[in-house]
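First up is the structure itself, then whatever we jot down about it.
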2 protein chains.
Amino acid sequence: MPMVPQNTTPSTTGVTRTLARYVVSTKFADLPPAVCKEAARTLLNWVGCTVGGSHHETVDIAVSALAPFSGPAQAGILGRKERFDILHAALINGISSHVLDYDDTHARNIIHPAGPVISAILALSEHRPVAGSDFVNALVAGVDVECRIGNAVYPQHYDTGWHITGTAGVFGAAAAAGKLLGLSEQQMLWALGLASTQPVGLQEMFGTMTKSFHPGRAAQNGLTAALLASRNFTSSEQSLEAKYGWANVVSTAHDYSQITNTLGKTYEISVNTYKPFACGVVMHPTIDGCIQLRNEHKLTADKIDSVELKVHPLVIQLTSKKLPQTGLEGKFSIYHAASVALIEGGGGIDQFSDRAVHDRTVTSLRDRVEHAVGSVDHPMSDRDLETKFTGLTEGILSSDRRSRLMELCWNVQGLNEAAAIAQAATPA
Amino acid sequence: MPMVPQNTTPSTTGVTRTLARYVVSTKFADLPPAVCKEAARTLLNWVGCTVGGSHHETVDIAVSALAPFSGPAQAGILGRKERFDILHAALINGISSHVLDYDDTHARNIIHPAGPVISAILALSEHRPVAGSDFVNALVAGVDVECRIGNAVYPQHYDTGWHITGTAGVFGAAAAAGKLLGLSEQQMLWALGLASTQPVGLQEMFGTMTKSFHPGRAAQNGLTAALLASRNFTSSEQSLEAKYGWANVVSTAHDYSQITNTLGKTYEISVNTYKPFACGVVMHPTIDGCIQLRNEHKLTADKIDSVELKVHPLVIQLTSKKLPQTGLEGKFSIYHAASVALIEGGGGIDQFSDRAVHDRTVTSLRDRVEHAVGSVDHPMSDRDLETKFTGLTEGILSSDRRSRLMELCWNVQGLNEAAAIAQAATPA
């Protein structure tokens with residue numbers, strides 16, 4: 001194998017350096033209050049999902065398969081009694097956070113931002129003391145890094161077949177962990193380089209346990225990258241933009257201005273969203289729910305004033321046609337899908353035909369299907385998040401612990417040690 | 001994120017299944033003696049390179065950065081006194097094996113086959129007893145898997161910017177480790193799926209420590225994949241050939257017949273080659289050496305009968321023009337490079353000009369530069385390999401240990417426990 005350095009002189013500018021410099025310099029004191037609030041919401045949602053998923057068979061298997069190789073008991077597996085070394089804890093908590101398909105979603109690039117980032121930094125916080133304000137700052141920076149990189153290559157990177165949460169998420173985990181480790185600009189460049197060379201996740205894995213392995217492994221890889229870089233393990237300084245760097249290798253198009261523009265002025269965490277229920281194939285839950293309601297209450301169109309749907313933002317992105325004109329277009333209209341399911345009690349070929357989308361009763365009810373809840377424009381309220389959190393954690397954590405954990409999440413920026421969150425999230 | 005299984009019914013045939021079925025069914029007794037011999041040569045070369053690289057700064061950093069997170073002392077770090085859990089041992093030994101850029105090279109796809117495979121299975125052999133014959137069988141199967149997959153996407157995958165040793169190597173590590181773990185066909189499919197979703201390595205990392213991280217991480221990822229699959233952690237069953245599977249996502253072209261044809265009839269390890277010296281940018285060592293010889297011995301063309309070069313096979317692949325007609329063509333002629341360096345004592349612009357390639361003295365000597373050593377057609381002899389091994393290991397291991405280690409490698413297939421190799425490769 002020939003040694004062919006793509007860059008013969010160190011870069012003084014460039015996409016990766018600009019990003020690294022920003023992460024190294026960012027301060028908690030500069031964050032707007034609304035951004036800190038969104039960080040707490042992201043944290044609360046992640047903790048709930050992670051505790052809630054912690055006894056899924058996928059997690060049980062990963063825990064039992066990897067336990068014999070874990071290092072010292074440095075960090076908790078949320079919702080469980082095991083304690084693993086921080087690298088394995090990052091992996092397992094990341095798996096738990098995603099296994100119910102119920103975690104957060106960036107409105108623009110469909111990354112699940114919390115999984116890779118919080119799984120990495122919460123484990124690290126149990127290994128060395130991290131103040132809540134530093135934790136929030138690292139979380140915001142990590143989400144910014146992964147989502148800006150995601151924005152730069154979305155949708156082409158996703159369309160290529162990559163699972164963007166694992167491929168972009170590793171950068172977020174590396175940046176956030178590197179921030180907590182106090183990396184220099186040079187070391188942060190190396191951490192991003194080590195992250196870039198370990199993308200995780202093919203879409204082919206969807207529908208198998210390996211899908212939730214992706215955010216977990218991204219967390220573990222990013223944390224590993226930051227730890228190596230902190231000891232001066234060298235890597236590329238232009239890992240994002242080099243000829244054979246990340247963006248060119250994993251995507252057919254990119255817009256680097258998405259990474260470098262408005263750094264420190266806009267925050268990607270501001271457009272994070274939280275699923276109001278676990279969502280599989282995008283329109284199926286809506287259809288299933290409508291059919292069940294119809295059967296249970298013997299609904300007919302004239303008994304329905306309006307229909308309010310709570311949907312994943314991707315449902316809106318992919319299926320938001322308000323006035324479908326053909327059966328095929330009807331397949332991309334959540335409004336039609338809900339309406340026809342309520343009226344006809346099915347979601348088969350006949351319900352997505354040219355006839356169905358022009359059926360008077362269906363179109364009339366369709367107009368009464370309201371703008372979906374769960375999007376950026378119609379976000380989950382704090383109370384919605386708390387209700388979701390309680391539903392996910394009861395039966396795993398005691399009522400006292402749940403209350404304390406919720407309070408810790410809401411007040412994360414004032415904590416002396418962020419590790420208190422992990423400690424409260426494990427059973428007594 | 002929507003759940004979109006690409007395959008709604010389990011595959012009963014297909015590229016991945018054919019390969020998994022082969023690996024599960026392969027037996028040591030069916031291996032031709034020449035294949036077993038080549039496995040021993042591959043092992044000896046890998047052990048030498050790994051011990052030889054074990055005190056490189058890159059390895060020192062990785063060891064110190066990751067030691068705090070290692071699990072039980074299950075497996076040796078070759079050439080060193082540390083013992084790590086098997087996953088970390090696979091990573092570190094894989095780094096050591098590649099850090100001198102002196103390891104083996106598959107003649108067709110420039111994969112360094114031993115790094116991912118042996119790093120994984122030698123560590124595993126220290127955790128559970130593995131007979132030498134089983135070790136050889138797994139090694140041969142692992143090299144077959146990674147190199148067949150590499151052949152299927154080479155050169156397009158490599159041209160895309162991937163470091164093929166890390167991206168294809170992870171399959172070899174998973175298959176070989178899975179073979180030793182006794183995976184069923186179903187589990188082997190999952191192991192390959194888990195491997196496919198963790199490709200490692202961008203070419204942009206060449207020239208940094210991260211380059212040798214690639215085979216190490218490939219070994220670790222493949223071993224992790226096999227361990228998870230052995231507990232029934234599910235994954236895709238068509239990870240190689242699915243629409244959003246490995247080959248389509250990481251390469252612009254593929255030929256699956258390279259994976260499935262002549263399985264059990266031809267063995268990729270048969271075309272493994274071993275570098276006679278550490279090679280950086282492909283023609284530089286030749287040029288440097290020729291300049292040094294010229295200066296040391298005050299050589300002139302009339303004092304030279306012939307020149308014998310020992311070169312990496314890639315040098316032949318990339319720079320084998322025998323009769324360059326322009327300066328530019330001269331840059332792709334190792335014969336010209338050696339000749340002009342000996343005569344003119346340089347390798348600058350002037351030596352790669354139109355003038356130089358037509359210079360009578362240069363062309364005359366050029367014809368006396370012989371077919372290179374180190375290729376498939378002109379392989380390193382066993383004695384060459386032993387000399388290389390001794391050079392790499394002396395100063396790190398005692399003379400007694402070196403002799404014993406060499407003997408263990410040559411006799412690997414007869415060992416009761418392959419772990420003896422790792423034990424002999426660590427300092428007393």
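Please note that chains go A, B, ... in the order of the structure tokens, that every chain numbers its residues from 1, and that ligands are numbered from 1 in the order shown.
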Need to verify the contact set: segment 109-111 of chain B, 8 Å, only C-alpha atoms, exclusion of same-chain residues closer than 5 positions in sequence. Can you return it as a PyMOL selection string? (chain A and resi 1) or (chain B and resi 147+150-151+154-155+164-165+168-169+314)
Restrict the selected residues to N, CA, C and O atoms and save them as a CSV table (one decimal), in the first residue's frame.
```
chain,number,residue,atom,x,y,z
A,1,MET,N,0.8,-1.2,0.0
A,1,MET,CA,0.0,0.0,0.0
A,1,MET,C,0.9,1.3,0.0
A,1,MET,O,1.7,1.4,0.9
B,147,CYS,N,-10.7,-11.2,0.4
B,147,CYS,CA,-10.1,-11.0,-0.9
B,147,CYS,C,-11.1,-11.3,-2.0
B,147,CYS,O,-11.0,-10.6,-3.1
B,150,GLY,N,-13.1,-8.2,-2.0
B,150,GLY,CA,-12.2,-7.2,-2.6
B,150,GLY,C,-12.1,-7.3,-4.1
B,150,GLY,O,-12.3,-6.3,-4.8
B,151,ASN,N,-11.9,-8.5,-4.6
B,151,ASN,CA,-11.9,-8.7,-6.0
B,151,ASN,C,-13.2,-8.3,-6.7
B,151,ASN,O,-13.1,-7.7,-7.9
B,154,TYR,N,-12.9,-4.3,-6.8
B,154,TYR,CA,-11.6,-3.7,-7.2
B,154,TYR,C,-11.6,-3.5,-8.7
B,154,TYR,O,-12.0,-4.4,-9.4
B,155,PRO,N,-11.2,-2.4,-9.2
B,155,PRO,CA,-10.6,-1.2,-8.5
B,155,PRO,C,-11.5,-0.1,-8.2
B,155,PRO,O,-11.1,0.9,-7.6
B,164,ILE,N,-9.1,-0.3,1.2
B,164,ILE,CA,-9.8,-1.6,1.0
B,164,ILE,C,-9.5,-2.6,2.1
B,164,ILE,O,-10.3,-3.5,2.4
B,165,THR,N,-8.3,-2.5,2.7
B,165,THR,CA,-7.9,-3.4,3.8
B,165,THR,C,-8.9,-3.3,4.9
B,165,THR,O,-9.3,-4.3,5.6
B,168,ALA,N,-12.9,-4.2,3.3
B,168,ALA,CA,-13.1,-5.6,3.0
B,168,ALA,C,-12.6,-6.5,4.1
B,168,ALA,O,-13.2,-7.6,4.4
B,169,GLY,N,-11.6,-6.0,4.8
B,169,GLY,CA,-11.0,-6.8,5.8
B,169,GLY,C,-11.9,-7.1,7.0
B,169,GLY,O,-11.8,-8.2,7.6
B,314,LEU,N,2.7,-3.6,-6.0
B,314,LEU,CA,2.0,-2.4,-6.5
B,314,LEU,C,3.0,-1.5,-7.4
B,314,LEU,O,2.5,-0.8,-8.3
```
At a cut-off of 10 Å, using only C-alpha atoms, what residues contact Val412 of chain B? Leave out same-chain residues fewer than 4 positions from it and give the result as a list in words. Cys36, Lys37, Ala39, Ala40, Leu43, Leu44, Ala131, Gly132, Ser133, Asp134, Phe135, Val136, Met406, Glu407, Leu408, Asn416, Glu417, Ala418, Ala420 and Ile421 of chain B
Just asking: which residues within segment 73-108 of chain B are helix (DSSP H, G or I) according to DSSP, as a list in words?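 Matching residues for helix (DSSP H, G or I) in segment 73-108 of chain B are Ile86, Leu87, His88, Ala89, Ala90, Leu91, Ile92, Asn93, Gly94, Ile95, Ser96, Ser97 and His98 of chain B.
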Using only C-alpha atoms, determine which residues lie at most 12 Å from Val200 of chain A, disregarding the query and same-chain residues fewer than 2 positions distant; provide the list as a ChimeraX atom specification. /A:116,161-171,195-198,202-203,205,210-222,250 /B:167,194-201,221,246
Which one is closest to Glu82 of chain A: A:Asp104, A:Asp144, A:Asp60, A:Asp305? Count only C-alpha atoms.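 Ranked by minimum distance to Glu82 of chain A, first place goes to A:Asp60.
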Spatial neighbours of Ser270 of chain B, 12 Å, only C-alpha atoms, chain gap at least 6 places, as a PDB file with C-alpha atoms, in the first residue's frame:
```pdb
ATOM      1  CA  LEU B  31      -7.216 -27.794   2.154  1.00  0.00           C
ATOM      2  CA  PRO B  32      -4.387 -28.579  -0.295  1.00  0.00           C
ATOM      3  CA  PRO B  33      -0.944 -28.750   1.352  1.00  0.00           C
ATOM      4  CA  ALA B  34       0.300 -25.773  -0.655  1.00  0.00           C
ATOM      5  CA  VAL B  35      -2.525 -23.674   0.769  1.00  0.00           C
ATOM      6  CA  CYS B  36      -1.627 -24.714   4.311  1.00  0.00           C
ATOM      7  CA  LYS B  37       1.976 -23.834   3.597  1.00  0.00           C
ATOM      8  CA  GLU B  38       1.003 -20.399   2.349  1.00  0.00           C
ATOM      9  CA  ALA B  39      -1.055 -19.910   5.499  1.00  0.00           C
ATOM     10  CA  ALA B  40       2.066 -20.600   7.578  1.00  0.00           C
ATOM     11  CA  ARG B  41       4.064 -18.135   5.468  1.00  0.00           C
ATOM     12  CA  THR B  42       1.318 -15.528   5.906  1.00  0.00           C
ATOM     13  CA  THR B 105      -0.268  -7.723   0.055  1.00  0.00           C
ATOM     14  CA  HIS B 106      -2.798  -9.597  -2.051  1.00  0.00           C
ATOM     15  CA  ALA B 107      -1.421  -9.484  -5.572  1.00  0.00           C
ATOM     16  CA  ARG B 108      -4.704  -8.572  -7.184  1.00  0.00           C
ATOM     17  CA  PRO B 113      -5.007  -9.829   4.178  1.00  0.00           C
ATOM     18  CA  VAL B 140      -7.610 -19.447   4.921  1.00  0.00           C
ATOM     19  CA  ALA B 141     -11.397 -18.908   4.948  1.00  0.00           C
ATOM     20  CA  VAL B 143      -8.531 -14.412   3.643  1.00  0.00           C
ATOM     21  CA  ASP B 144     -10.774 -15.970   1.015  1.00  0.00           C
ATOM     22  CA  CYS B 147     -10.111 -11.020  -0.878  1.00  0.00           C
ATOM     23  CA  VAL B 376       3.714 -13.650  -7.217  1.00  0.00           C
ATOM     24  CA  ASP B 377       5.955 -14.664 -10.108  1.00  0.00           C
ATOM     25  CA  PRO B 379       8.072 -14.713  -4.490  1.00  0.00           C
TER      26      PRO B 379
END
```
So that I can see what lies close to segment 328-340 of chain B, please list as a PyMOL selection string the residues with an atom at most 6 Å from it, counting only C-alpha atoms and leaving out residues fewer than 2 positions away in the same chain. chain B and resi 287+319-321+324+326+342-344+352+362+365-366+369
Expected file: the selected residues, C-alpha atoms, as an mmCIF file, in the first residue's frame:
```cif
data_model
loop_
_atom_site.group_PDB
_atom_site.id
_atom_site.type_symbol
_atom_site.label_atom_id
_atom_site.label_comp_id
_atom_site.auth_asym_id
_atom_site.auth_seq_id
_atom_site.Cartn_x
_atom_site.Cartn_y
_atom_site.Cartn_z
ATOM 1 C CA ILE B 287 15.398 5.886 -6.058
ATOM 2 C CA THR B 319 5.166 1.617 -12.609
ATOM 3 C CA SER B 320 6.056 -1.236 -14.933
ATOM 4 C CA LYS B 321 6.590 0.670 -18.205
ATOM 5 C CA PRO B 324 9.026 4.940 -21.539
ATOM 6 C CA THR B 326 8.303 10.666 -22.527
ATOM 7 C CA LEU B 342 22.191 5.410 -10.489
ATOM 8 C CA ILE B 343 23.579 7.429 -13.334
ATOM 9 C CA GLU B 344 22.545 10.946 -12.446
ATOM 10 C CA PHE B 352 11.826 12.589 -15.416
ATOM 11 C CA VAL B 362 20.225 5.600 -18.982
ATOM 12 C CA LEU B 365 21.390 0.503 -17.971
ATOM 13 C CA ARG B 366 17.592 0.417 -17.847
ATOM 14 C CA VAL B 369 17.257 -3.681 -14.474
#
```
Minimum-distance residue to Trp190 of chain B, chosen among B:Arg401, B:Lys81, B:Arg17, B:Arg294 (using only C-alpha atoms): B:Arg17
Taking into account only C-alpha atoms, which residue in the set B:Val24, B:Leu405, B:Val311, B:Ala174 is nearest to Ala226 of chain B?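 Among B:Val24, B:Leu405, B:Val311, B:Ala174, it is B:Ala174 that comes nearest to Ala226 of chain B.
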